[in-house]
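The structure appears below as structure tokens.
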Amino acid sequence: MTEDHGHPGADVDLNAALEVANDVAEWAAERIRRPRRPGESGEVKEKAGPADIVTRTDEEIESYVRETLHRAFPTHGIQGEEYGTERGAVPDAPYWVVDPLDGTTNYAHGIGWCSFSLGLVAPDGTPLLGLVADPWRGETFTALRGRGARLNGTPTHAADHTTLTGHLFLTEWAAPPHWPGLDTLLAELSSRHCTTRVMGSTALSLTQVAAGRATAAAVGEFHAVDALPAYLIATEAGAVAIPPTPVYDGPLVLVAPGVSLINIS
């Protein structure tokens with residue numbers, strides 16, 4: 001890696017970080033695919049309510065990832081979905097964001113659409129590395145800042161579409177209520193003959209734009225643990241982000257570069 005000390009995170013060995021990320025993703029994907037007995041005792045617990053759940057698998061994967069990252073990068077911080085934030089051991093340390101099982105509700109109900117998400121972030125919040133693994137399809141999306149996006153090691157790019165008509169728009173929301181503006185957006189998309197899908201995993205939905213499968217995707221509330229790695233992957237694949245820099249709890253749209261999307265604010 002060529003060093004550029006004017007770039008956020010330039011002193012981080014991203015090649016080494018990606019190697020570790022791929023290793024833990026492989027372990028996590030195997031753990032997610034492991035057969036479970038229906039209604040396995042103690043597997044599912046509520047967090048904030050019935051629509052916000054965690055499984056033992058979420059917790060086991062995040063624990064394993066944290067232990068592995070602490071060994072490989074002892075000065076780095078970690079922000080996780082299940083166990084919160086640990087600051088780095090040195091000032092201005094980079095930190096990892098991890099969602100061990102994005103799409104827990106699908107997983108808990110036996111639906112094969114969930115993912116493992118991991119990212120490395122510079123101290124100023126700039127994403128440096130993104131990885132999203134789909135255990136059920138054997139797909140791993142990766143990106144290093146400034147080096148493009150890859151799907152199973154092969155470069156991947158956003159679609160070259162110039163319209164939403166006849167194509168796919170993916171969206172997610174974290175709880176039963178729609179996010180503000182979603183109903184209006186869905187009506188506008190329908191009038192343009194654009195098909196909307198709500199699949200159940202923020203990370204996987206956003207990365208479908210990077211693969212050129214979905215022309216656009218959106219979330220109403222951006223959270224780094226499940227969306228920042230996918231955001232980096234999609235933008236490195238050429239997708240346009242609205243806004244260009246995501247804002248915590250704000251909406252995020254990722255769209256193929258040739259398509260103009262209606263204002264969702």
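We label chains A, B, ... in the order they appear in the structure tokens, count residues from 1 in each chain, and number ligands from 1 in the order shown.
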
Select from region 187-254 of chain A every residue with an atom at most 8 Å from any atom of region 110-114 of chain A, then for each give the shortest pair of atoms and their distance in Å to one decimal, using only C-alpha atoms, rows by chain and rising number, as CSV.
residue,atom,partner,partner_atom,distance
A:Met199,CA,A:Trp113,CA,7.2
A:Gly200,CA,A:Trp113,CA,7.0
A:Ser201,CA,A:Cys114,CA,5.6
A:Leu204,CA,A:Cys114,CA,7.1

Would you mind exporting the chosen residues as a PDB file, in the first residue's frame, restricted to N, CA, C and O atoms?
ATOM      1  N   MET A 199     -36.584  -6.041   1.865  1.00  0.00           N
ATOM      2  CA  MET A 199     -36.016  -7.382   1.981  1.00  0.00           C
ATOM      3  C   MET A 199     -35.674  -7.778   3.415  1.00  0.00           C
ATOM      4  O   MET A 199     -35.698  -8.947   3.757  1.00  0.00           O
ATOM      5  N   GLY A 200     -35.303  -6.817   4.255  1.00  0.00           N
ATOM      6  CA  GLY A 200     -35.084  -7.137   5.659  1.00  0.00           C
ATOM      7  C   GLY A 200     -33.650  -7.099   6.153  1.00  0.00           C
ATOM      8  O   GLY A 200     -33.373  -7.537   7.263  1.00  0.00           O
ATOM      9  N   SER A 201     -32.730  -6.574   5.344  1.00  0.00           N
ATOM     10  CA  SER A 201     -31.344  -6.398   5.797  1.00  0.00           C
ATOM     11  C   SER A 201     -30.792  -5.134   5.157  1.00  0.00           C
ATOM     12  O   SER A 201     -30.599  -5.083   3.944  1.00  0.00           O
ATOM     13  N   LEU A 204     -27.447  -5.682   3.151  1.00  0.00           N
ATOM     14  CA  LEU A 204     -27.614  -6.391   1.882  1.00  0.00           C
ATOM     15  C   LEU A 204     -28.386  -5.565   0.873  1.00  0.00           C
ATOM     16  O   LEU A 204     -28.073  -5.581  -0.324  1.00  0.00           O
TER      17      LEU A 204
END

Give me every helix (DSSP H, G or I) residue in region 77-255 of chain A, going by DSSP on the backbone, as a PyMOL selection string. chain A and resi 104-108+182-191+202-210+224-236

Include N, CA, C and O atoms and write out the residues we just selected as a short mmCIF file (atom, residue, chain, number, x, y, z; two decimals), in the first residue's frame.
data_model
loop_
_atom_site.label_atom_id
_atom_site.label_comp_id
_atom_site.auth_asym_id
_atom_site.auth_seq_id
_atom_site.Cartn_x
_atom_site.Cartn_y
_atom_site.Cartn_z
N THR A 104 -31.75 -9.77 11.65
CA THR A 104 -31.99 -10.76 12.70
C THR A 104 -33.41 -11.33 12.64
O THR A 104 -33.61 -12.53 12.85
N THR A 105 -34.39 -10.49 12.33
CA THR A 105 -35.77 -10.97 12.28
C THR A 105 -35.93 -12.03 11.20
O THR A 105 -36.58 -13.07 11.41
N ASN A 106 -35.34 -11.79 10.02
CA ASN A 106 -35.37 -12.81 8.97
C ASN A 106 -34.72 -14.10 9.47
O ASN A 106 -35.26 -15.20 9.30
N TYR A 107 -33.55 -13.97 10.05
CA TYR A 107 -32.81 -15.13 10.54
C TYR A 107 -33.63 -15.91 11.56
O TYR A 107 -33.73 -17.14 11.49
N ALA A 108 -34.22 -15.20 12.50
CA ALA A 108 -34.97 -15.86 13.57
C ALA A 108 -36.19 -16.60 13.04
O ALA A 108 -36.66 -17.56 13.67
N LEU A 182 -41.71 8.13 3.52
CA LEU A 182 -41.63 6.88 2.78
C LEU A 182 -42.89 6.62 1.96
O LEU A 182 -42.81 6.21 0.79
N ASP A 183 -44.06 6.84 2.54
CA ASP A 183 -45.29 6.56 1.80
C ASP A 183 -45.37 7.41 0.53
O ASP A 183 -45.77 6.92 -0.54
N THR A 184 -45.01 8.68 0.64
CA THR A 184 -45.01 9.55 -0.54
C THR A 184 -44.01 9.06 -1.57
O THR A 184 -44.30 9.03 -2.78
N LEU A 185 -42.84 8.65 -1.10
CA LEU A 185 -41.81 8.15 -2.02
C LEU A 185 -42.29 6.90 -2.74
O LEU A 185 -42.12 6.76 -3.96
N LEU A 186 -42.91 5.96 -2.01
CA LEU A 186 -43.38 4.73 -2.63
C LEU A 186 -44.44 5.02 -3.70
O LEU A 186 -44.47 4.38 -4.75
N ALA A 187 -45.32 5.99 -3.43
CA ALA A 187 -46.33 6.35 -4.41
C ALA A 187 -45.69 6.94 -5.67
O ALA A 187 -46.10 6.63 -6.80
N GLU A 188 -44.68 7.77 -5.48
CA GLU A 188 -43.99 8.37 -6.63
C GLU A 188 -43.26 7.29 -7.43
O GLU A 188 -43.27 7.31 -8.67
N LEU A 189 -42.63 6.36 -6.75
CA LEU A 189 -41.93 5.28 -7.45
C LEU A 189 -42.92 4.41 -8.23
O LEU A 189 -42.66 4.01 -9.37
N SER A 190 -44.05 4.11 -7.62
CA SER A 190 -45.08 3.31 -8.29
C SER A 190 -45.56 3.99 -9.57
O SER A 190 -45.75 3.34 -10.60
N SER A 191 -45.73 5.32 -9.50
CA SER A 191 -46.20 6.05 -10.68
C SER A 191 -45.17 6.02 -11.81
O SER A 191 -45.51 6.22 -12.97
N THR A 202 -30.54 -4.12 5.96
CA THR A 202 -30.04 -2.85 5.44
C THR A 202 -28.76 -3.04 4.65
O THR A 202 -28.61 -2.54 3.53
N ALA A 203 -27.81 -3.77 5.22
CA ALA A 203 -26.51 -3.93 4.56
C ALA A 203 -26.66 -4.61 3.21
O ALA A 203 -26.07 -4.18 2.21
N LEU A 204 -27.45 -5.68 3.15
CA LEU A 204 -27.61 -6.39 1.88
C LEU A 204 -28.39 -5.57 0.87
O LEU A 204 -28.07 -5.58 -0.32
N SER A 205 -29.41 -4.84 1.31
CA SER A 205 -30.18 -4.02 0.39
C SER A 205 -29.31 -2.95 -0.25
O SER A 205 -29.36 -2.73 -1.47
N LEU A 206 -28.50 -2.28 0.56
CA LEU A 206 -27.64 -1.22 0.02
C LEU A 206 -26.59 -1.77 -0.94
O LEU A 206 -26.26 -1.15 -1.95
N THR A 207 -26.06 -2.95 -0.64
CA THR A 207 -25.01 -3.50 -1.51
C THR A 207 -25.57 -3.99 -2.84
O THR A 207 -24.80 -4.15 -3.79
N GLN A 208 -26.88 -4.20 -2.93
CA GLN A 208 -27.43 -4.61 -4.22
C GLN A 208 -27.28 -3.50 -5.26
O GLN A 208 -27.25 -3.76 -6.47
N VAL A 209 -27.17 -2.25 -4.81
CA VAL A 209 -26.88 -1.14 -5.73
C VAL A 209 -25.46 -1.28 -6.27
O VAL A 209 -25.20 -1.04 -7.45
N ALA A 210 -24.54 -1.69 -5.40
CA ALA A 210 -23.15 -1.90 -5.84
C ALA A 210 -23.05 -3.01 -6.87
O ALA A 210 -22.20 -2.98 -7.76
N ALA A 224 -24.28 3.67 11.50
CA ALA A 224 -22.99 3.24 10.96
C ALA A 224 -22.80 1.73 11.03
O ALA A 224 -22.23 1.13 10.11
N VAL A 225 -23.28 1.07 12.09
CA VAL A 225 -22.95 -0.34 12.26
C VAL A 225 -23.49 -1.21 11.14
O VAL A 225 -22.87 -2.20 10.75
N ASP A 226 -24.66 -0.86 10.59
CA ASP A 226 -25.21 -1.70 9.54
C ASP A 226 -25.20 -1.06 8.16
O ASP A 226 -25.44 -1.74 7.15
N ALA A 227 -24.89 0.24 8.07
CA ALA A 227 -24.98 0.92 6.77
C ALA A 227 -23.67 1.51 6.27
O ALA A 227 -23.50 1.69 5.06
N LEU A 228 -22.73 1.84 7.17
CA LEU A 228 -21.51 2.49 6.70
C LEU A 228 -20.67 1.60 5.79
O LEU A 228 -20.18 2.06 4.75
N PRO A 229 -20.45 0.32 6.13
CA PRO A 229 -19.69 -0.53 5.20
C PRO A 229 -20.36 -0.63 3.83
O PRO A 229 -19.69 -0.53 2.79
N ALA A 230 -21.68 -0.81 3.80
CA ALA A 230 -22.39 -0.91 2.53
C ALA A 230 -22.35 0.41 1.76
O ALA A 230 -22.27 0.42 0.52
N TYR A 231 -22.42 1.52 2.48
CA TYR A 231 -22.30 2.85 1.85
C TYR A 231 -20.96 2.97 1.12
O TYR A 231 -20.90 3.42 -0.04
N LEU A 232 -19.87 2.56 1.78
CA LEU A 232 -18.56 2.64 1.13
C LEU A 232 -18.52 1.72 -0.09
O LEU A 232 -18.03 2.11 -1.15
N ILE A 233 -19.03 0.51 0.05
CA ILE A 233 -19.01 -0.44 -1.06
C ILE A 233 -19.77 0.12 -2.25
O ILE A 233 -19.29 0.08 -3.40
N ALA A 234 -20.97 0.66 -2.00
CA ALA A 234 -21.79 1.16 -3.10
C ALA A 234 -21.17 2.37 -3.78
O ALA A 234 -21.16 2.48 -5.01
N THR A 235 -20.64 3.30 -2.99
CA THR A 235 -20.05 4.49 -3.59
C THR A 235 -18.75 4.15 -4.32
O THR A 235 -18.44 4.73 -5.36
N GLU A 236 -17.99 3.18 -3.80
CA GLU A 236 -16.79 2.75 -4.52
C GLU A 236 -17.16 2.02 -5.82
O GLU A 236 -16.36 1.94 -6.75
#

Would you compute the distance between CA of Arg34 (chain A) and CA of Thr68 (chain A)? Give it in Å to one decimal.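 Atom-to-atom, CA of Arg34 (chain A) to CA of Thr68 (chain A), that is 20.4 Å.
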
Residues within 12 Å of Val65 (chain A), only C-alpha atoms, excluding chain neighbours under 4 positions, as a ChimeraX atom specification: /A:20-28,58-61,69-73,78-83,96-101,116-119

In Å to one decimal, how far is CA of Val219 (chain A) from CA of His178 (chain A)?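 Calculated distance between CA of His178 (chain A) and CA of Val219 (chain A) is 10.4 Å.
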
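The residue set within 8 Å of Ala256 (chain A), counting only C-alpha atoms and dropping same-chain residues fewer than 6 places from it, reads Ala158, Ala159, Asp160, His161, Thr162, Val209, Gly212, Thr215, Ala216, Gly238, Ala239 and Val240 of chain A.
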
Residue subset to file, keeping C-alpha atoms, as a CSV table (one decimal), in the first residue's frame:
chain,number,residue,atom,x,y,z
A,158,ALA,CA,-23.5,0.2,-10.1
A,159,ALA,CA,-26.0,-0.2,-13.0
A,160,ASP,CA,-25.8,2.0,-16.1
A,161,HIS,CA,-29.5,2.6,-16.0
A,162,THR,CA,-30.8,6.1,-16.7
A,209,VAL,CA,-26.9,-1.1,-5.7
A,212,GLY,CA,-26.0,-3.4,-10.3
A,215,THR,CA,-31.0,0.8,-9.3
A,216,ALA,CA,-31.5,2.6,-6.0
A,238,GLY,CA,-19.9,4.2,-8.6
A,239,ALA,CA,-23.3,4.8,-6.9
A,240,VAL,CA,-24.3,8.3,-5.9

Record the distance separating CA of Glu43 (chain A) and CA of Glu67 (chain A), expressed in Å with one decimal.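 Calculated distance between CA of Glu43 (chain A) and CA of Glu67 (chain A) is 21.7 Å.
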
Quick one: residues within 8 Å of region 143-145 of chain A, only C-alpha atoms, excluding same-chain residues fewer than 2 positions away - as a ChimeraX atom specification? /A:14,127-131,141,147-150,232-233,236

Contact residues around Val44 (chain A) with only C-alpha atoms at 8 Å, ignoring same-chain residues under 3 positions, as a PyMOL selection string: chain A and resi 41+53-56+108

Write out, as a JSON list (two decimals), in the first residue's frame, the residues just selected, with N, CA, C and O atoms.
[["chain", "number", "residue", "atom", "x", "y", "z"],
["A", 41, "SER", "N", -34.35, -23.18, 22.43],
["A", 41, "SER", "CA", -34.52, -22.51, 23.70],
["A", 41, "SER", "C", -33.47, -21.42, 23.93],
["A", 41, "SER", "O", -32.28, -21.65, 23.76],
["A", 53, "ILE", "N", -35.30, -7.57, 18.12],
["A", 53, "ILE", "CA", -34.87, -8.79, 18.79],
["A", 53, "ILE", "C", -33.39, -9.05, 18.58],
["A", 53, "ILE", "O", -32.75, -8.47, 17.70],
["A", 54, "VAL", "N", -32.86, -9.93, 19.42],
["A", 54, "VAL", "CA", -31.47, -10.38, 19.30],
["A", 54, "VAL", "C", -31.47, -11.89, 19.51],
["A", 54, "VAL", "O", -32.29, -12.42, 20.26],
["A", 55, "THR", "N", -30.57, -12.58, 18.84],
["A", 55, "THR", "CA", -30.44, -14.02, 19.03],
["A", 55, "THR", "C", -29.08, -14.33, 19.63],
["A", 55, "THR", "O", -28.17, -13.49, 19.62],
["A", 56, "ARG", "N", -28.95, -15.53, 20.12],
["A", 56, "ARG", "CA", -27.66, -15.97, 20.64],
["A", 56, "ARG", "C", -26.60, -15.91, 19.55],
["A", 56, "ARG", "O", -25.42, -15.65, 19.82],
["A", 108, "ALA", "N", -34.22, -15.20, 12.50],
["A", 108, "ALA", "CA", -34.97, -15.86, 13.57],
["A", 108, "ALA", "C", -36.19, -16.60, 13.04],
["A", 108, "ALA", "O", -36.66, -17.56, 13.67]]

For Thr171 (chain A), work out the shell of residues within 6 Å, counting only C-alpha atoms and skipping chain neighbours fewer than 6 positions away, then give it as an MDAnalysis selection string. chainID A and resid 198 217:219

Using DSSP secondary structure from the backbone, list all strand (DSSP E) positions within region 163-257 of chain A, as a PyMOL selection string. chain A and resi 168-172+195-198+216-219+240-242+252-255

Could you write those residues out with all heavy atoms, as a compact mmCIF listing (two decimals), in the first residue's frame?
# COMPACT_ATOMS: atom_id res chain seq x y z
N LEU A 168 -35.53 -1.85 -10.00
CA LEU A 168 -35.79 -2.13 -8.58
C LEU A 168 -35.30 -1.01 -7.67
O LEU A 168 -34.20 -0.47 -7.84
CB LEU A 168 -35.09 -3.42 -8.15
CG LEU A 168 -35.73 -4.74 -8.57
CD1 LEU A 168 -34.81 -5.89 -8.17
CD2 LEU A 168 -37.10 -4.92 -7.92
N PHE A 169 -36.12 -0.72 -6.66
CA PHE A 169 -35.76 0.17 -5.56
C PHE A 169 -35.93 -0.64 -4.28
O PHE A 169 -36.98 -1.23 -4.04
CB PHE A 169 -36.68 1.39 -5.54
CG PHE A 169 -36.55 2.25 -4.32
CD1 PHE A 169 -35.56 3.21 -4.23
CD2 PHE A 169 -37.42 2.11 -3.24
CE1 PHE A 169 -35.43 4.01 -3.11
CE2 PHE A 169 -37.30 2.90 -2.10
CZ PHE A 169 -36.30 3.86 -2.05
N LEU A 170 -34.89 -0.70 -3.45
CA LEU A 170 -34.94 -1.43 -2.19
C LEU A 170 -34.95 -0.44 -1.03
O LEU A 170 -34.26 0.58 -1.07
CB LEU A 170 -33.74 -2.36 -2.05
CG LEU A 170 -33.51 -3.38 -3.17
CD1 LEU A 170 -32.37 -4.32 -2.80
CD2 LEU A 170 -34.77 -4.18 -3.46
N THR A 171 -35.70 -0.77 0.01
CA THR A 171 -35.70 0.08 1.19
C THR A 171 -35.83 -0.77 2.44
O THR A 171 -36.13 -1.96 2.37
CB THR A 171 -36.82 1.14 1.13
OG1 THR A 171 -36.63 2.08 2.19
CG2 THR A 171 -38.20 0.52 1.28
N GLU A 172 -35.58 -0.16 3.58
CA GLU A 172 -35.67 -0.82 4.88
C GLU A 172 -36.16 0.19 5.91
O GLU A 172 -35.98 1.40 5.76
CB GLU A 172 -34.29 -1.33 5.34
CG GLU A 172 -33.63 -2.32 4.40
CD GLU A 172 -34.32 -3.66 4.33
OE1 GLU A 172 -35.15 -3.95 5.23
OE2 GLU A 172 -34.04 -4.43 3.40
N THR A 195 -40.36 -0.94 -9.27
CA THR A 195 -40.77 -1.95 -8.29
C THR A 195 -39.99 -1.79 -6.99
O THR A 195 -38.76 -1.74 -7.00
CB THR A 195 -40.54 -3.36 -8.85
OG1 THR A 195 -41.32 -3.52 -10.04
CG2 THR A 195 -40.95 -4.42 -7.84
N THR A 196 -40.71 -1.72 -5.86
CA THR A 196 -40.09 -1.57 -4.54
C THR A 196 -40.08 -2.92 -3.82
O THR A 196 -41.05 -3.67 -3.88
CB THR A 196 -40.86 -0.55 -3.70
OG1 THR A 196 -40.82 0.73 -4.35
CG2 THR A 196 -40.24 -0.41 -2.31
N ARG A 197 -38.97 -3.18 -3.15
CA ARG A 197 -38.85 -4.38 -2.33
C ARG A 197 -38.31 -3.99 -0.96
O ARG A 197 -37.42 -3.15 -0.85
CB ARG A 197 -37.91 -5.40 -2.98
CG ARG A 197 -38.45 -6.02 -4.26
CD ARG A 197 -39.57 -7.00 -3.95
NE ARG A 197 -40.10 -7.64 -5.14
CZ ARG A 197 -41.16 -7.23 -5.82
NH1 ARG A 197 -41.79 -6.14 -5.41
NH2 ARG A 197 -41.58 -7.89 -6.87
N VAL A 198 -38.88 -4.61 0.08
CA VAL A 198 -38.39 -4.47 1.46
C VAL A 198 -37.90 -5.85 1.86
O VAL A 198 -38.69 -6.73 2.17
CB VAL A 198 -39.49 -3.97 2.42
CG1 VAL A 198 -38.91 -3.77 3.81
CG2 VAL A 198 -40.12 -2.69 1.90
N ALA A 216 -31.63 1.67 -7.12
CA ALA A 216 -31.52 2.58 -5.98
C ALA A 216 -31.94 1.84 -4.71
O ALA A 216 -32.66 0.84 -4.77
CB ALA A 216 -32.39 3.82 -6.17
N ALA A 217 -31.48 2.35 -3.57
CA ALA A 217 -31.87 1.83 -2.27
C ALA A 217 -31.83 2.97 -1.27
O ALA A 217 -31.07 3.93 -1.45
CB ALA A 217 -30.95 0.69 -1.82
N ALA A 218 -32.66 2.86 -0.23
CA ALA A 218 -32.71 3.94 0.76
C ALA A 218 -33.03 3.40 2.14
O ALA A 218 -33.71 2.38 2.28
CB ALA A 218 -33.76 4.97 0.36
N VAL A 219 -32.52 4.09 3.13
CA VAL A 219 -32.91 3.86 4.52
C VAL A 219 -33.33 5.19 5.11
O VAL A 219 -32.80 6.24 4.75
CB VAL A 219 -31.76 3.23 5.35
CG1 VAL A 219 -31.48 1.81 4.89
CG2 VAL A 219 -30.49 4.08 5.28
N VAL A 240 -24.19 6.95 -6.47
CA VAL A 240 -24.25 8.30 -5.93
C VAL A 240 -24.99 8.26 -4.60
O VAL A 240 -26.06 7.64 -4.49
CB VAL A 240 -24.97 9.25 -6.90
CG1 VAL A 240 -25.16 10.63 -6.27
CG2 VAL A 240 -24.20 9.35 -8.21
N ALA A 241 -24.43 8.88 -3.57
CA ALA A 241 -25.06 8.94 -2.25
C ALA A 241 -25.73 10.28 -2.06
O ALA A 241 -25.18 11.33 -2.39
CB ALA A 241 -24.02 8.71 -1.16
N ILE A 242 -26.94 10.26 -1.52
CA ILE A 242 -27.70 11.46 -1.19
C ILE A 242 -28.13 11.35 0.27
O ILE A 242 -28.94 10.47 0.59
CB ILE A 242 -28.94 11.61 -2.08
CG1 ILE A 242 -28.57 11.52 -3.57
CG2 ILE A 242 -29.68 12.91 -1.78
CD1 ILE A 242 -29.77 11.40 -4.49
N LEU A 252 -30.71 8.12 3.92
CA LEU A 252 -29.63 7.91 2.97
C LEU A 252 -30.20 7.22 1.74
O LEU A 252 -30.91 6.21 1.87
CB LEU A 252 -28.51 7.06 3.56
CG LEU A 252 -27.43 6.60 2.57
CD1 LEU A 252 -26.61 7.78 2.07
CD2 LEU A 252 -26.54 5.54 3.18
N VAL A 253 -29.89 7.75 0.57
CA VAL A 253 -30.25 7.13 -0.70
C VAL A 253 -28.97 6.81 -1.44
O VAL A 253 -28.04 7.62 -1.49
CB VAL A 253 -31.11 8.07 -1.57
CG1 VAL A 253 -31.40 7.43 -2.93
CG2 VAL A 253 -32.40 8.43 -0.87
N LEU A 254 -28.91 5.61 -2.01
CA LEU A 254 -27.83 5.23 -2.91
C LEU A 254 -28.46 4.93 -4.26
O LEU A 254 -29.43 4.15 -4.34
CB LEU A 254 -27.09 4.00 -2.38
CG LEU A 254 -26.33 4.20 -1.08
CD1 LEU A 254 -25.85 2.86 -0.53
CD2 LEU A 254 -25.15 5.14 -1.27
N VAL A 255 -27.94 5.50 -5.32
CA VAL A 255 -28.60 5.42 -6.61
C VAL A 255 -27.57 5.28 -7.73
O VAL A 255 -26.47 5.83 -7.65
CB VAL A 255 -29.51 6.65 -6.82
CG1 VAL A 255 -28.72 7.93 -6.79
CG2 VAL A 255 -30.34 6.52 -8.09

Go through A:Arg66, A:His223, A:His157, A:Arg31 one by one, measure the shortest atom-to-atom distance of each to Ala211 (chain A) using only C-alpha atoms, and give the residue with the smallest value. A:His157

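Distance annotation: of A:Arg87, A:Arg36, A:His193, A:Arg213, the residue with the minimal separation from His109 (chain A) is A:Arg36; atom set is only C-alpha atoms.
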